[in-house]
Amino acid sequence: MIKVQGPVVLYQDGVHEAARRRRSLRARYAYGLIFFTTNLLAWFVRDYGAKLLRGLHHVPVCGAGDSKCFQSGGVLRIFFWVMFATTFGTRKLHEVRNSWHSGCWILKFLVYAVSIIIPFIVPNIFLQLYGEIARMGAGIFLILQLISMSHFISWCNKRWMPDSQSNQWYGLFGLFLSTISFIASFAGIAVLYVLYAPNSSCAFNIFTITWTATLVAVMMAVSLHSKVNEGLLSSGIMGLYIVFLCWSALHSEPQTGRCHTRLKFANDGDWATIVSFIIAICAIVMATFSTGIDTRSFQFRNDEDQLEDDVPYSYEIFHIVFAMGAMYFAMLFINWELNHPTRKWSIDVGWVSTWVKIINEWFAASIYVWRLISPVILRKQAANNEELVPRTLIVQCSR
């Protein structure tokens, strides 16, 4: 019996760890649903809170007859910051913080409810300060999203681009994806000209679209250069991404009608506005979720072997991505301006939103081009240093 006890205990421990690991992985989808619900609730409070929650006018944030508190306090959420603070440093599945991350949902619901109430009862100065922090957090979230996108492009390029050791069908599929990506990129640019530059007076839109087309062409040329030899797939996917950012930036412009060739929206509740609003929310939630679960992209060391009792992903990175994603959503809902009213059923409309996306597009293209040329520059510097050492030795010997 003594000889059998050891393996039995180890087997039971392995079963418990496997169950904890499954609960931890399933918890990601629960948090994704919480994130989606949080943003829907933020939209509801922003648009309808002033009518349905009139009793809140006596709290410090909301003055008498002031509805701006529902647009600022209603969209700022701190739940994922609480989860980040309480799960920071969790490394093993048997830790109490792992159980808190993967379970205790009733207690977490109470914490969530308190986190929703807090923005309405704190003094307005704290709300303004958190709003400024939220702006910075939203900017950091865009950078994290770009890092995740870069890792995804590298993964696609390694998997699908042909080489001497890869499967022939993989190579054909990679070439097919490359062709489709560039056709879609330039077709998208043509559509942007039609929708957002219908006449020569739309100089800003014409410049933005033309510069996007130039960036796509430059990325393609650099990736095909003999010293880089990256192939077309990565530049094609990145081209699609920056064309999407260009469209998103132009879509965020205040609609004057002169430079927007589209169906005219009737009222705030027009069906086309509602559908585009819901699609925008779902798209950003999916982007945040995919960035949040890709925690290995943001770790400094990814080569460490994972033990059986290690947590399957970094909880603090997961929650901080969702926290900054909530900040980004808050900025979208208030158009990056804390004290200005927004139109119902609108999201991310205004010149500030437009410029944030344009700068994000240019930054993404610059980072991608630098990622392509940096190995070439570093190799050239290393070669120059190797040539410099023998010359120095010759000079010293001649002396």
# chains A, B, ... in the order shown; residues from 1 in each chain; ligands from 1
call {"tool": "residues_around", "arguments": {"residues": "segment 17-30 of chain A", "least_positions_apart": "6", "cutoff": "8 Å", "atoms": "only C-alpha atoms", "output": "PyMOL selection string"}}
result
chain A and resi 93-94+98+101-103+293+308-309+311-312
call {"tool": "closest_residue", "arguments": {"among": "A:Ile317, A:Leu245, A:Leu192, A:Met327", "to": "His260 of chain A", "atoms": "only C-alpha atoms"}}
result
A:Leu192
call {"tool": "select_by_dssp", "arguments": {"residues": "segment 18-248 of chain A", "states": "helix (DSSP H, G or I)", "output": "count of residues only"}}
result
183
call {"tool": "residues_around", "arguments": {"residues": "Ile320 of chain A", "least_positions_apart": "3", "cutoff": "10 Å", "atoms": "only C-alpha atoms", "output": "ChimeraX atom specification"}}
result
/A:80-85,88,137,141,292,315-317,323-326
call {"tool": "atom_distance", "arguments": {"atom1": "atom CA of Thr86 of chain A", "atom2": "atom CA of Thr37 of chain A"}}
result
21.4 Å
call {"tool": "atom_distance", "arguments": {"atom1": "atom CA of Leu195 of chain A", "atom2": "atom CA of Ile358 of chain A"}}
result
17.3 Å
call {"tool": "closest_residue", "arguments": {"among": "A:Arg159, A:His251, A:His319, A:Arg258", "to": "Leu233 of chain A", "atoms": "only C-alpha atoms"}}
result
A:Arg159
call {"tool": "atom_distance", "arguments": {"atom1": "atom CA of Tyr241 of chain A", "atom2": "atom CA of Cys202 of chain A"}}
result
23.4 Å
call {"tool": "closest_residue", "arguments": {"among": "A:Val122, A:Val45, A:Ile140, A:Leu332", "to": "Asn360 of chain A", "atoms": "only C-alpha atoms"}}
result
A:Ile140
call {"tool": "residues_around", "arguments": {"residues": "Ile209 of chain A", "least_positions_apart": "5", "cutoff": "10 Å", "atoms": "only C-alpha atoms", "output": "list in words"}}
result
Gly188, Ile189, Ala190, Leu192, Tyr193, Tyr196, Ala197, Phe204, Thr214, Leu215, Val243, Cys246, Trp247 and Leu250 of chain A
call {"tool": "closest_residue", "arguments": {"among": "A:Met220, A:Val96, A:Gly131, A:Leu76", "to": "Arg46 of chain A", "atoms": "only C-alpha atoms"}}
result
A:Leu76
call {"tool": "residues_around", "arguments": {"residues": "Leu240 of chain A", "least_positions_apart": "3", "cutoff": "12 Å", "atoms": "only C-alpha atoms", "output": "ChimeraX atom specification"}}
result
/A:149,153,177-189,212-213,215-217,219-220,233-237,243-247,361,364-365
